[in-house]
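So this block is final_13.cif, mmCIF, C-alpha atoms; chains and numbers go by the auth columns:
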data_work
#
loop_
_atom_site.group_PDB
_atom_site.id
_atom_site.type_symbol
_atom_site.label_atom_id
_atom_site.label_comp_id
_atom_site.label_asym_id
_atom_site.label_seq_id
_atom_site.Cartn_x
_atom_site.Cartn_y
_atom_site.Cartn_z
_atom_site.B_iso_or_equiv
_atom_site.auth_seq_id
_atom_site.auth_asym_id
ATOM 1 C CA MET A 1 92.585 -26.830 36.742 0.00 1 L
ATOM 2 C CA LYS A 2 89.972 -27.745 34.175 0.00 2 L
ATOM 3 C CA LYS A 3 88.564 -24.544 32.675 0.00 3 L
ATOM 4 C CA ARG A 4 84.880 -24.002 33.260 0.00 4 L
ATOM 5 C CA ALA A 5 82.834 -22.469 30.492 0.00 5 L
ATOM 6 C CA GLN A 6 83.003 -18.761 31.307 0.00 6 L
ATOM 7 C CA LEU A 7 82.893 -19.735 34.996 0.00 7 L
ATOM 8 C CA ALA A 8 79.100 -19.673 34.965 0.00 8 L
ATOM 9 C CA LEU A 9 78.848 -20.558 38.651 0.00 9 L
ATOM 10 C CA THR A 10 76.041 -19.934 41.084 0.00 10 L
ATOM 11 C CA LEU A 11 76.456 -18.724 44.656 0.00 11 L
ATOM 12 C CA LYS A 12 73.984 -21.333 45.897 0.00 12 L
ATOM 13 C CA ASP A 13 76.779 -23.859 46.411 0.00 13 L
ATOM 14 C CA HIS A 14 79.511 -21.361 47.304 0.00 14 L
ATOM 15 C CA PRO A 15 80.694 -22.149 50.871 0.00 15 L
ATOM 16 C CA PHE A 16 80.459 -18.514 51.992 0.00 16 L
ATOM 17 C CA PHE A 17 77.087 -17.619 50.469 0.00 17 L
ATOM 18 C CA ARG A 18 75.133 -20.880 50.413 0.00 18 L
ATOM 19 C CA ASN A 19 73.440 -20.386 53.801 0.00 19 L
ATOM 20 C CA LEU A 20 71.815 -17.153 52.651 0.00 20 L
ATOM 21 C CA SER A 21 68.220 -17.151 51.472 0.00 21 L
ATOM 22 C CA GLY A 22 67.639 -17.827 47.792 0.00 22 L
ATOM 23 C CA GLU A 23 66.140 -14.372 47.335 0.00 23 L
ATOM 24 C CA LEU A 24 69.202 -12.659 48.784 0.00 24 L
ATOM 25 C CA ILE A 25 71.586 -14.822 46.756 0.00 25 L
ATOM 26 C CA SER A 26 69.783 -13.716 43.598 0.00 26 L
ATOM 27 C CA ARG A 27 70.263 -10.073 44.538 0.00 27 L
ATOM 28 C CA VAL A 28 73.916 -10.518 45.499 0.00 28 L
ATOM 29 C CA GLU A 29 74.842 -12.497 42.377 0.00 29 L
ATOM 30 C CA GLN A 30 74.527 -9.425 40.188 0.00 30 L
ATOM 31 C CA PHE A 31 77.580 -7.981 41.957 0.00 31 L
ATOM 32 C CA VAL A 32 79.758 -11.117 41.921 0.00 32 L
ATOM 33 C CA HIS A 33 81.964 -12.723 39.306 0.00 33 L
ATOM 34 C CA HIS A 34 84.373 -15.665 39.496 0.00 34 L
ATOM 35 C CA ARG A 35 88.000 -15.922 38.503 0.00 35 L
ATOM 36 C CA GLU A 36 90.467 -18.808 38.319 0.00 36 L
ATOM 37 C CA TYR A 37 94.072 -18.671 39.565 0.00 37 L
ATOM 38 C CA GLU A 38 96.961 -21.037 39.005 0.00 38 L
ATOM 39 C CA PRO A 39 99.304 -22.191 41.819 0.00 39 L
ATOM 40 C CA ARG A 40 101.710 -19.423 42.918 0.00 40 L
ATOM 41 C CA GLN A 41 99.766 -16.794 40.970 0.00 41 L
ATOM 42 C CA ILE A 42 99.577 -13.461 42.788 0.00 42 L
ATOM 43 C CA ILE A 43 96.024 -12.276 43.367 0.00 43 L
ATOM 44 C CA TYR A 44 97.036 -8.839 44.580 0.00 44 L
ATOM 45 C CA PHE A 45 100.176 -6.978 45.641 0.00 45 L
ATOM 46 C CA PRO A 46 100.654 -4.712 48.699 0.00 46 L
ATOM 47 C CA GLU A 47 100.495 -1.535 46.613 0.00 47 L
ATOM 48 C CA ASP A 48 97.379 -2.540 44.681 0.00 48 L
ATOM 49 C CA SER A 49 94.308 -0.418 45.251 0.00 49 L
ATOM 50 C CA CYS A 50 91.859 -2.033 47.658 0.00 50 L
ATOM 51 C CA ASP A 51 89.091 -2.334 45.091 0.00 51 L
ATOM 52 C CA PHE A 52 87.765 -5.888 45.543 0.00 52 L
ATOM 53 C CA VAL A 53 86.710 -8.253 48.314 0.00 53 L
ATOM 54 C CA TYR A 54 87.360 -11.948 47.676 0.00 54 L
ATOM 55 C CA SER A 55 85.959 -15.235 48.946 0.00 55 L
ATOM 56 C CA VAL A 56 87.446 -18.660 48.289 0.00 56 L
ATOM 57 C CA ARG A 57 85.172 -20.992 46.378 0.00 57 L
ATOM 58 C CA GLU A 58 87.729 -23.717 45.663 0.00 58 L
ATOM 59 C CA GLY A 59 91.428 -24.068 46.441 0.00 59 L
ATOM 60 C CA GLN A 60 93.729 -22.360 48.915 0.00 60 L
ATOM 61 C CA VAL A 61 95.183 -18.863 49.304 0.00 61 L
ATOM 62 C CA LYS A 62 97.898 -17.499 51.572 0.00 62 L
ATOM 63 C CA ILE A 63 98.322 -13.913 52.770 0.00 63 L
ATOM 64 C CA THR A 64 101.874 -12.695 53.393 0.00 64 L
ATOM 65 C CA ARG A 65 103.792 -9.544 54.197 0.00 65 L
ATOM 66 C CA HIS A 66 107.452 -8.656 53.796 0.00 66 L
ATOM 67 C CA VAL A 67 108.752 -7.364 57.116 0.00 67 L
ATOM 68 C CA LYS A 68 112.175 -6.220 58.273 0.00 68 L
ATOM 69 C CA SER A 69 113.957 -8.474 60.726 0.00 69 L
ATOM 70 C CA ALA A 70 115.136 -7.090 64.041 0.00 70 L
ATOM 71 C CA GLY A 71 118.850 -6.381 64.334 0.00 71 L
ATOM 72 C CA PRO A 72 121.443 -4.334 62.476 0.00 72 L
ATOM 73 C CA SER A 73 120.982 -6.070 59.115 0.00 73 L
ATOM 74 C CA GLY A 74 117.281 -5.238 58.879 0.00 74 L
ATOM 75 C CA ALA A 75 116.887 -7.881 56.188 0.00 75 L
ATOM 76 C CA ALA A 76 113.384 -8.355 54.814 0.00 76 L
ATOM 77 C CA ARG A 77 111.645 -11.682 55.325 0.00 77 L
ATOM 78 C CA GLU A 78 108.326 -13.101 54.265 0.00 78 L
ATOM 79 C CA LEU A 79 105.719 -13.482 57.001 0.00 79 L
ATOM 80 C CA THR A 80 102.695 -15.671 56.294 0.00 80 L
ATOM 81 C CA PHE A 81 99.844 -14.886 58.655 0.00 81 L
ATOM 82 C CA ARG A 82 96.757 -16.444 57.051 0.00 82 L
ATOM 83 C CA HIS A 83 95.921 -19.541 55.029 0.00 83 L
ATOM 84 C CA LEU A 84 92.460 -19.423 53.458 0.00 84 L
ATOM 85 C CA PHE A 85 90.215 -22.258 52.344 0.00 85 L
ATOM 86 C CA PRO A 86 86.743 -22.560 50.755 0.00 86 L
ATOM 87 C CA GLY A 87 84.313 -20.263 52.533 0.00 87 L
ATOM 88 C CA ASP A 88 86.980 -17.851 53.787 0.00 88 L
ATOM 89 C CA LEU A 89 86.816 -14.142 53.011 0.00 89 L
ATOM 90 C CA PHE A 90 89.775 -11.807 52.430 0.00 90 L
ATOM 91 C CA GLY A 91 90.427 -8.304 51.183 0.00 91 L
ATOM 92 C CA GLU A 92 87.895 -7.093 53.739 0.00 92 L
ATOM 93 C CA GLU A 93 90.223 -4.176 54.485 0.00 93 L
ATOM 94 C CA CYS A 94 88.091 -2.476 51.842 0.00 94 L
ATOM 95 C CA LEU A 95 85.283 -2.269 54.410 0.00 95 L
ATOM 96 C CA VAL A 96 86.985 0.763 55.926 0.00 96 L
ATOM 97 C CA GLU A 97 87.781 2.209 52.496 0.00 97 L
ATOM 98 C CA ARG A 98 91.468 1.432 52.912 0.00 98 L
ATOM 99 C CA SER A 99 93.417 2.645 49.882 0.00 99 L
ATOM 100 C CA LYS A 100 95.824 -0.333 49.534 0.00 100 L
ATOM 101 C CA TYR A 101 95.846 -3.987 50.567 0.00 101 L
ATOM 102 C CA GLY A 102 99.260 -3.789 52.241 0.00 102 L
ATOM 103 C CA ALA A 103 99.963 -7.517 51.738 0.00 103 L
ATOM 104 C CA TYR A 104 100.367 -10.220 49.117 0.00 104 L
ATOM 105 C CA ALA A 105 97.594 -12.692 48.332 0.00 105 L
ATOM 106 C CA GLU A 106 98.781 -15.790 46.466 0.00 106 L
ATOM 107 C CA ALA A 107 97.046 -18.932 45.234 0.00 107 L
ATOM 108 C CA VAL A 108 98.641 -22.050 46.727 0.00 108 L
ATOM 109 C CA VAL A 109 96.828 -24.576 44.524 0.00 109 L
ATOM 110 C CA PRO A 110 94.431 -24.210 41.550 0.00 110 L
ATOM 111 C CA THR A 111 91.880 -21.827 42.990 0.00 111 L
ATOM 112 C CA ILE A 112 88.534 -20.243 42.133 0.00 112 L
ATOM 113 C CA LEU A 113 87.590 -16.995 43.838 0.00 113 L
ATOM 114 C CA ALA A 114 84.376 -14.994 43.937 0.00 114 L
ATOM 115 C CA LEU A 115 85.078 -11.278 43.573 0.00 115 L
ATOM 116 C CA MET A 116 82.906 -8.340 44.528 0.00 116 L
ATOM 117 C CA ARG A 117 83.812 -4.698 44.039 0.00 117 L
ATOM 118 C CA ALA A 118 84.420 -2.989 47.366 0.00 118 L
ATOM 119 C CA VAL A 119 81.778 -0.363 46.673 0.00 119 L
ATOM 120 C CA ASP A 120 79.203 -3.087 45.942 0.00 120 L
ATOM 121 C CA PHE A 121 80.267 -5.085 49.001 0.00 121 L
ATOM 122 C CA ARG A 122 79.682 -2.058 51.243 0.00 122 L
ATOM 123 C CA ARG A 123 76.319 -1.448 49.543 0.00 123 L
ATOM 124 C CA VAL A 124 75.161 -5.017 50.212 0.00 124 L
ATOM 125 C CA ILE A 125 76.249 -4.764 53.861 0.00 125 L
ATOM 126 C CA ARG A 126 74.334 -1.516 54.218 0.00 126 L
ATOM 127 C CA ASP A 127 71.147 -2.754 52.559 0.00 127 L
ATOM 128 C CA GLU A 128 70.947 -6.455 53.503 0.00 128 L
ATOM 129 C CA ASN A 129 70.695 -7.317 57.212 0.00 129 L
ATOM 130 C CA GLU A 130 70.997 -11.060 56.540 0.00 130 L
ATOM 131 C CA PHE A 131 74.310 -10.552 54.751 0.00 131 L
ATOM 132 C CA SER A 132 75.558 -8.185 57.468 0.00 132 L
ATOM 133 C CA LEU A 133 74.842 -10.806 60.132 0.00 133 L
ATOM 134 C CA LEU A 134 76.710 -13.486 58.158 0.00 134 L
ATOM 135 C CA LEU A 135 79.717 -11.194 57.783 0.00 135 L
ATOM 136 C CA ALA A 136 79.671 -10.260 61.473 0.00 136 L
ATOM 137 C CA ARG A 137 79.685 -13.927 62.461 0.00 137 L
ATOM 138 C CA ARG A 138 82.654 -14.637 60.178 0.00 138 L
ATOM 139 C CA LEU A 139 84.649 -11.675 61.488 0.00 139 L
ATOM 140 C CA ILE A 140 83.909 -12.618 65.112 0.00 140 L
ATOM 141 C CA ALA A 141 85.084 -16.177 64.420 0.00 141 L
ATOM 142 C CA ARG A 142 88.283 -14.816 62.892 0.00 142 L
ATOM 143 C CA ALA A 143 88.893 -12.553 65.897 0.00 143 L
ATOM 144 C CA HIS A 144 88.321 -15.511 68.236 0.00 144 L
ATOM 145 C CA GLU A 145 90.880 -17.553 66.285 0.00 145 L
ATOM 146 C CA MET A 146 93.453 -14.767 66.593 0.00 146 L
ATOM 147 C CA GLU A 147 92.803 -14.552 70.340 0.00 147 L
ATOM 148 C CA GLN A 148 93.413 -18.296 70.560 0.00 148 L
ATOM 149 C CA VAL A 149 96.734 -17.942 68.730 0.00 149 L
ATOM 150 C CA LEU A 150 97.810 -15.205 71.157 0.00 150 L
ATOM 151 C CA LEU A 151 96.758 -17.329 74.123 0.00 151 L
ATOM 152 C CA GLU A 152 98.778 -20.269 72.828 0.00 152 L
ATOM 153 C CA ALA A 153 101.812 -18.021 72.336 0.00 153 L
ATOM 154 C CA THR A 154 101.820 -17.155 76.037 0.00 154 L
ATOM 155 C CA SER A 155 100.775 -20.470 77.544 0.00 155 L
ATOM 156 C CA GLN A 156 101.996 -23.344 75.378 0.00 156 L
ATOM 157 C CA THR A 157 105.301 -24.896 74.408 0.00 157 L
ATOM 158 C CA VAL A 158 106.519 -24.479 70.840 0.00 158 L
ATOM 159 C CA ARG A 159 105.503 -28.087 70.171 0.00 159 L
ATOM 160 C CA GLY A 160 101.971 -27.375 71.397 0.00 160 L
ATOM 161 C CA ARG A 161 101.710 -24.197 69.315 0.00 161 L
ATOM 162 C CA ILE A 162 102.892 -25.915 66.153 0.00 162 L
ATOM 163 C CA ALA A 163 100.507 -28.829 66.679 0.00 163 L
ATOM 164 C CA ALA A 164 97.635 -26.404 67.349 0.00 164 L
ATOM 165 C CA GLY A 165 98.452 -24.473 64.171 0.00 165 L
ATOM 166 C CA LEU A 166 98.409 -27.673 62.150 0.00 166 L
ATOM 167 C CA VAL A 167 95.108 -28.703 63.723 0.00 167 L
ATOM 168 C CA ARG A 168 93.546 -25.394 62.638 0.00 168 L
ATOM 169 C CA LEU A 169 94.747 -25.898 59.065 0.00 169 L
ATOM 170 C CA TYR A 170 93.564 -29.514 59.137 0.00 170 L
ATOM 171 C CA ARG A 171 90.079 -28.544 60.296 0.00 171 L
ATOM 172 C CA LYS A 172 89.694 -25.758 57.741 0.00 172 L
ATOM 173 C CA ALA A 173 90.943 -27.690 54.712 0.00 173 L
ATOM 174 C CA PRO A 174 88.313 -29.277 52.458 0.00 174 L
ATOM 175 C CA ARG A 175 87.486 -32.804 53.579 0.00 175 L
ATOM 176 C CA SER A 176 88.905 -34.313 50.380 0.00 176 L
ATOM 177 C CA ASP A 177 92.277 -32.556 50.941 0.00 177 L
ATOM 178 C CA ARG A 178 92.334 -32.577 54.711 0.00 178 L
ATOM 179 C CA THR A 179 95.043 -35.176 55.313 0.00 179 L
ATOM 180 C CA THR A 180 97.592 -33.343 53.132 0.00 180 L
ATOM 181 C CA LEU A 181 98.448 -29.747 54.045 0.00 181 L
ATOM 182 C CA ARG A 182 100.236 -27.610 51.472 0.00 182 L
ATOM 183 C CA VAL A 183 102.273 -25.450 53.809 0.00 183 L
ATOM 184 C CA THR A 184 106.013 -24.892 54.288 0.00 184 L
ATOM 185 C CA HIS A 185 108.005 -25.065 57.514 0.00 185 L
ATOM 186 C CA GLN A 186 108.577 -21.306 57.339 0.00 186 L
ATOM 187 C CA GLU A 187 104.878 -20.612 56.934 0.00 187 L
ATOM 188 C CA ILE A 188 104.059 -22.733 59.982 0.00 188 L
ATOM 189 C CA ALA A 189 106.747 -20.886 61.927 0.00 189 L
ATOM 190 C CA SER A 190 105.211 -17.536 60.952 0.00 190 L
ATOM 191 C CA LEU A 191 101.694 -18.682 61.841 0.00 191 L
ATOM 192 C CA VAL A 192 102.662 -19.732 65.381 0.00 192 L
ATOM 193 C CA GLY A 193 105.471 -17.280 66.179 0.00 193 L
ATOM 194 C CA SER A 194 108.434 -19.648 66.054 0.00 194 L
ATOM 195 C CA THR A 195 111.684 -19.876 64.107 0.00 195 L
ATOM 196 C CA ARG A 196 112.039 -22.047 61.044 0.00 196 L
ATOM 197 C CA GLU A 197 114.797 -24.108 62.651 0.00 197 L
ATOM 198 C CA THR A 198 112.761 -24.859 65.772 0.00 198 L
ATOM 199 C CA THR A 199 109.662 -25.567 63.717 0.00 199 L
ATOM 200 C CA THR A 200 111.536 -28.035 61.515 0.00 200 L
ATOM 201 C CA ALA A 201 112.905 -29.838 64.567 0.00 201 L
ATOM 202 C CA VAL A 202 109.411 -30.178 66.074 0.00 202 L
ATOM 203 C CA LEU A 203 107.928 -31.374 62.777 0.00 203 L
ATOM 204 C CA HIS A 204 110.638 -34.021 62.434 0.00 204 L
ATOM 205 C CA LYS A 205 109.904 -35.194 65.965 0.00 205 L
ATOM 206 C CA LEU A 206 106.194 -35.472 65.148 0.00 206 L
ATOM 207 C CA ARG A 207 107.153 -37.454 62.064 0.00 207 L
ATOM 208 C CA GLU A 208 109.298 -39.816 64.152 0.00 208 L
ATOM 209 C CA GLU A 209 106.263 -40.371 66.407 0.00 209 L
ATOM 210 C CA GLY A 210 104.166 -41.380 63.414 0.00 210 L
ATOM 211 C CA ILE A 211 101.866 -38.359 63.707 0.00 211 L
ATOM 212 C CA LEU A 212 102.929 -36.609 60.488 0.00 212 L
ATOM 213 C CA GLY A 213 104.391 -37.422 57.105 0.00 213 L
ATOM 214 C CA ILE A 214 106.620 -34.783 55.482 0.00 214 L
ATOM 215 C CA ALA A 215 107.595 -34.659 51.806 0.00 215 L
ATOM 216 C CA ASN A 216 107.688 -32.246 48.854 0.00 216 L
ATOM 217 C CA ARG A 217 106.528 -29.132 50.751 0.00 217 L
ATOM 218 C CA ARG A 218 103.504 -31.043 52.009 0.00 218 L
ATOM 219 C CA ILE A 219 102.596 -32.290 55.463 0.00 219 L
ATOM 220 C CA THR A 220 100.372 -35.347 55.768 0.00 220 L
ATOM 221 C CA VAL A 221 98.388 -35.805 58.974 0.00 221 L
ATOM 222 C CA LEU A 222 98.705 -39.527 59.715 0.00 222 L
ATOM 223 C CA ASP A 223 97.225 -39.523 63.221 0.00 223 L
ATOM 224 C CA PRO A 224 94.733 -36.664 63.760 0.00 224 L
ATOM 225 C CA ALA A 225 93.902 -37.753 67.322 0.00 225 L
ATOM 226 C CA ALA A 226 97.564 -37.719 68.356 0.00 226 L
ATOM 227 C CA LEU A 227 97.998 -34.294 66.746 0.00 227 L
ATOM 228 C CA GLU A 228 95.023 -33.022 68.762 0.00 228 L
ATOM 229 C CA ARG A 229 96.639 -34.338 71.956 0.00 229 L
ATOM 230 C CA ALA A 230 99.920 -32.639 71.063 0.00 230 L
ATOM 231 C CA ALA A 231 98.023 -29.389 70.481 0.00 231 L
ATOM 232 C CA ARG A 232 96.641 -29.545 74.023 0.00 232 L
ATOM 233 C CA SER A 233 100.074 -30.052 75.586 0.00 233 L
ATOM 234 C CA SER A 234 101.498 -27.171 77.603 0.00 234 L
#

Take the structure in this file and express it as structure tokens.
Amino acid sequence: MKKRAQLALTLKDHPFFRNLSGELISRVEQFVHHREYEPRQIIYFPEDSCDFVYSVREGQVKITRHVKSAGPSGAARELTFRHLFPGDLFGEECLVERSKYGAYAEAVVPTILALMRAVDFRRVIRDENEFSLLLARRLIARAHEMEQVLLEATSQTVRGRIAAGLVRLYRKAPRSDRTTLRVTHQEIASLVGSTRETTTAVLHKLREEGILGIANRRITVLDPAALERAARSS
């Protein structure tokens, strides 16, 4: 990533903040600073104090947890449950004054984040109705997405769930990067509640059908319309 001089960036063109009034942006900017992250750089660890709320300005972030597998071995495995793109918010656990994040946040590609101290974030929510409404809309949209994932898990085939998960990532990715998704087979499996082996088999089938291209830990969407149709299959 090309370094920006002291990251002197305005919130006016930040995907999360840009729809706020200019007056409110000016008031919020005093609480926000920007930080760059390299690919695979950890943003926070599970045991880190929940001191900041983050929003993605550029790049991509994934949120993971290490969980114990069922069975006698109880081996730990990595579970990816969110991929975040420009405009997405994370670390909002701090809203309830949670002491620790309880998960890993990692940059997937060169990334710029806007950071706000949790205490300042709660102050802005308390004092600024416009900001509170924006946050409420974002959280409702996130809850609706999770409900959709649960619905798919009970009503769709594994193929349909995997296609639907890829469609969500495709829609959220920046337009310039949309055709190429930086996500592993295991991460897709975690996002849709499948196994890695089954997920890989489905992805290879979608590749054989000319819907996807797969190479170097990247998935290229070759036929978005066909992927949408696969996502609607039951």

- [ ] Could you expand the PyMOL selection byres ((chain L and resi 220-224) around 12) into the explicit residues it covers here, written as an MDAnalysis selection string?
- [x] chainID L and resid 163:164 166:171 173 177:184 203 206:219 225:231

TODO: Please evaluate the PyMOL selection byres ((chain L and resi 40-54) around 6) against the displayed coordinates and give the resulting residues as a ChimeraX atom specification.
DONE: /L:38-39,55,89-92,94,99-108,114-118

Taking every listed atom of segment 82-95 of chain L and adding 3 Å to each side, what centre and edge lengths in Å (one decimal) does the axis-aligned box have, as lines of an AutoDock Vina configuration file?
center_x = 90.5
center_y = -12.4
center_z = 53.9
size_x = 18.4
size_y = 26.3
size_z = 12.3

- [ ] Determine, counting only C-alpha atoms, which protein, DNA and RNA residues have an atom within 8 Å of an atom of Leu191 of chain L; residues of the same chain fewer than 5 positions away are not included. Present the result as a list in words.
- [x]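 Returned residues: Thr80, Phe81, Arg82 and Gly165 of chain L.
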
Open item on the list: Report as number ranges by chain all protein, DNA and RNA residues lying within 9 Å of Asn19 of chain L, evaluated on all atoms listed in the file, omitting residues in the same chain fewer than 6 positions from it.
Closed with: L: 12-13, 134

Task: Interatomic distance, atom CA of Lys62 of chain L to atom CA of Thr154 of chain L (Å, one decimal) - done: 24.8 Å

Quick check on the file I pasted: which residues fall under the PyMOL selection byres ((chain L and resi 59) around 6)? Write them as a compact mmCIF listing (two decimals) with C-alpha atoms, keeping the file's coordinate frame.
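Just written: selection.txt:
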# COMPACT_ATOMS: atom_id res chain seq x y z
CA GLU L 58 87.73 -23.72 45.66
CA GLN L 60 93.73 -22.36 48.92
CA VAL L 109 96.83 -24.58 44.52
CA PRO L 110 94.43 -24.21 41.55
CA THR L 111 91.88 -21.83 42.99

For segment 12-38 of chain L, which lacks atoms in the input, supply N, CA and C atoms and format the output as a PDB file, in the coordinates of the input.
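Writing the result to part11.pdb gives the following:
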ATOM      1  N   LYS L  12      74.774 -20.447  45.044  1.00  0.00           N
ATOM      2  CA  LYS L  12      73.984 -21.333  45.897  1.00  0.00           C
ATOM      3  C   LYS L  12      74.825 -22.435  46.521  1.00  0.00           C
ATOM      4  N   ASP L  13      75.908 -22.832  45.839  1.00  0.00           N
ATOM      5  CA  ASP L  13      76.779 -23.859  46.411  1.00  0.00           C
ATOM      6  C   ASP L  13      78.155 -23.306  46.757  1.00  0.00           C
ATOM      7  N   HIS L  14      78.272 -21.992  46.842  1.00  0.00           N
ATOM      8  CA  HIS L  14      79.511 -21.361  47.304  1.00  0.00           C
ATOM      9  C   HIS L  14      79.552 -21.457  48.824  1.00  0.00           C
ATOM     10  N   PRO L  15      80.658 -21.929  49.417  1.00  0.00           N
ATOM     11  CA  PRO L  15      80.694 -22.149  50.871  1.00  0.00           C
ATOM     12  C   PRO L  15      80.398 -20.913  51.710  1.00  0.00           C
ATOM     13  N   PHE L  16      80.728 -19.723  51.206  1.00  0.00           N
ATOM     14  CA  PHE L  16      80.459 -18.514  51.992  1.00  0.00           C
ATOM     15  C   PHE L  16      79.003 -18.080  51.889  1.00  0.00           C
ATOM     16  N   PHE L  17      78.412 -18.189  50.717  1.00  0.00           N
ATOM     17  CA  PHE L  17      77.087 -17.619  50.469  1.00  0.00           C
ATOM     18  C   PHE L  17      75.938 -18.604  50.619  1.00  0.00           C
ATOM     19  N   ARG L  18      76.214 -19.915  50.608  1.00  0.00           N
ATOM     20  CA  ARG L  18      75.133 -20.880  50.413  1.00  0.00           C
ATOM     21  C   ARG L  18      74.097 -20.915  51.527  1.00  0.00           C
ATOM     22  N   ASN L  19      74.420 -20.391  52.711  1.00  0.00           N
ATOM     23  CA  ASN L  19      73.440 -20.386  53.801  1.00  0.00           C
ATOM     24  C   ASN L  19      72.509 -19.174  53.773  1.00  0.00           C
ATOM     25  N   LEU L  20      72.714 -18.291  52.808  1.00  0.00           N
ATOM     26  CA  LEU L  20      71.815 -17.153  52.651  1.00  0.00           C
ATOM     27  C   LEU L  20      70.526 -17.605  51.964  1.00  0.00           C
ATOM     28  N   SER L  21      69.485 -16.824  52.124  1.00  0.00           N
ATOM     29  CA  SER L  21      68.220 -17.151  51.472  1.00  0.00           C
ATOM     30  C   SER L  21      68.378 -17.060  49.961  1.00  0.00           C
ATOM     31  N   GLY L  22      67.566 -17.842  49.242  1.00  0.00           N
ATOM     32  CA  GLY L  22      67.639 -17.827  47.792  1.00  0.00           C
ATOM     33  C   GLY L  22      67.378 -16.453  47.205  1.00  0.00           C
ATOM     34  N   GLU L  23      66.463 -15.715  47.820  1.00  0.00           N
ATOM     35  CA  GLU L  23      66.140 -14.372  47.335  1.00  0.00           C
ATOM     36  C   GLU L  23      67.338 -13.445  47.452  1.00  0.00           C
ATOM     37  N   LEU L  24      68.036 -13.522  48.584  1.00  0.00           N
ATOM     38  CA  LEU L  24      69.202 -12.659  48.784  1.00  0.00           C
ATOM     39  C   LEU L  24      70.340 -13.068  47.847  1.00  0.00           C
ATOM     40  N   ILE L  25      70.541 -14.369  47.670  1.00  0.00           N
ATOM     41  CA  ILE L  25      71.586 -14.822  46.756  1.00  0.00           C
ATOM     42  C   ILE L  25      71.345 -14.258  45.357  1.00  0.00           C
ATOM     43  N   SER L  26      70.105 -14.250  44.921  1.00  0.00           N
ATOM     44  CA  SER L  26      69.783 -13.716  43.598  1.00  0.00           C
ATOM     45  C   SER L  26      70.143 -12.245  43.495  1.00  0.00           C
ATOM     46  N   ARG L  27      69.930 -11.502  44.574  1.00  0.00           N
ATOM     47  CA  ARG L  27      70.263 -10.073  44.538  1.00  0.00           C
ATOM     48  C   ARG L  27      71.777  -9.857  44.586  1.00  0.00           C
ATOM     49  N   VAL L  28      72.469 -10.693  45.352  1.00  0.00           N
ATOM     50  CA  VAL L  28      73.916 -10.518  45.499  1.00  0.00           C
ATOM     51  C   VAL L  28      74.653 -10.941  44.232  1.00  0.00           C
ATOM     52  N   GLU L  29      74.131 -11.953  43.540  1.00  0.00           N
ATOM     53  CA  GLU L  29      74.842 -12.497  42.377  1.00  0.00           C
ATOM     54  C   GLU L  29      75.107 -11.463  41.293  1.00  0.00           C
ATOM     55  N   GLN L  30      74.303 -10.438  41.217  1.00  0.00           N
ATOM     56  CA  GLN L  30      74.527  -9.425  40.188  1.00  0.00           C
ATOM     57  C   GLN L  30      75.821  -8.653  40.412  1.00  0.00           C
ATOM     58  N   PHE L  31      76.354  -8.707  41.644  1.00  0.00           N
ATOM     59  CA  PHE L  31      77.580  -7.981  41.957  1.00  0.00           C
ATOM     60  C   PHE L  31      78.826  -8.867  41.938  1.00  0.00           C
ATOM     61  N   VAL L  32      78.654 -10.170  41.746  1.00  0.00           N
ATOM     62  CA  VAL L  32      79.758 -11.117  41.921  1.00  0.00           C
ATOM     63  C   VAL L  32      80.166 -11.736  40.590  1.00  0.00           C
ATOM     64  N   HIS L  33      81.471 -11.900  40.405  1.00  0.00           N
ATOM     65  CA  HIS L  33      81.964 -12.723  39.306  1.00  0.00           C
ATOM     66  C   HIS L  33      83.075 -13.618  39.825  1.00  0.00           C
ATOM     67  N   HIS L  34      83.383 -14.680  39.078  1.00  0.00           N
ATOM     68  CA  HIS L  34      84.373 -15.665  39.496  1.00  0.00           C
ATOM     69  C   HIS L  34      85.618 -15.581  38.618  1.00  0.00           C
ATOM     70  N   ARG L  35      86.739 -15.948  39.227  1.00  0.00           N
ATOM     71  CA  ARG L  35      88.000 -15.922  38.503  1.00  0.00           C
ATOM     72  C   ARG L  35      88.868 -17.093  38.962  1.00  0.00           C
ATOM     73  N   GLU L  36      89.572 -17.699  38.014  1.00  0.00           N
ATOM     74  CA  GLU L  36      90.467 -18.808  38.319  1.00  0.00           C
ATOM     75  C   GLU L  36      91.908 -18.323  38.471  1.00  0.00           C
ATOM     76  N   TYR L  37      92.653 -18.995  39.349  1.00  0.00           N
ATOM     77  CA  TYR L  37      94.072 -18.671  39.565  1.00  0.00           C
ATOM     78  C   TYR L  37      94.868 -19.966  39.582  1.00  0.00           C
ATOM     79  N   GLU L  38      96.058 -19.897  39.008  1.00  0.00           N
ATOM     80  CA  GLU L  38      96.961 -21.037  39.005  1.00  0.00           C
ATOM     81  C   GLU L  38      97.819 -21.020  40.273  1.00  0.00           C
TER      82      GLU L  38
END
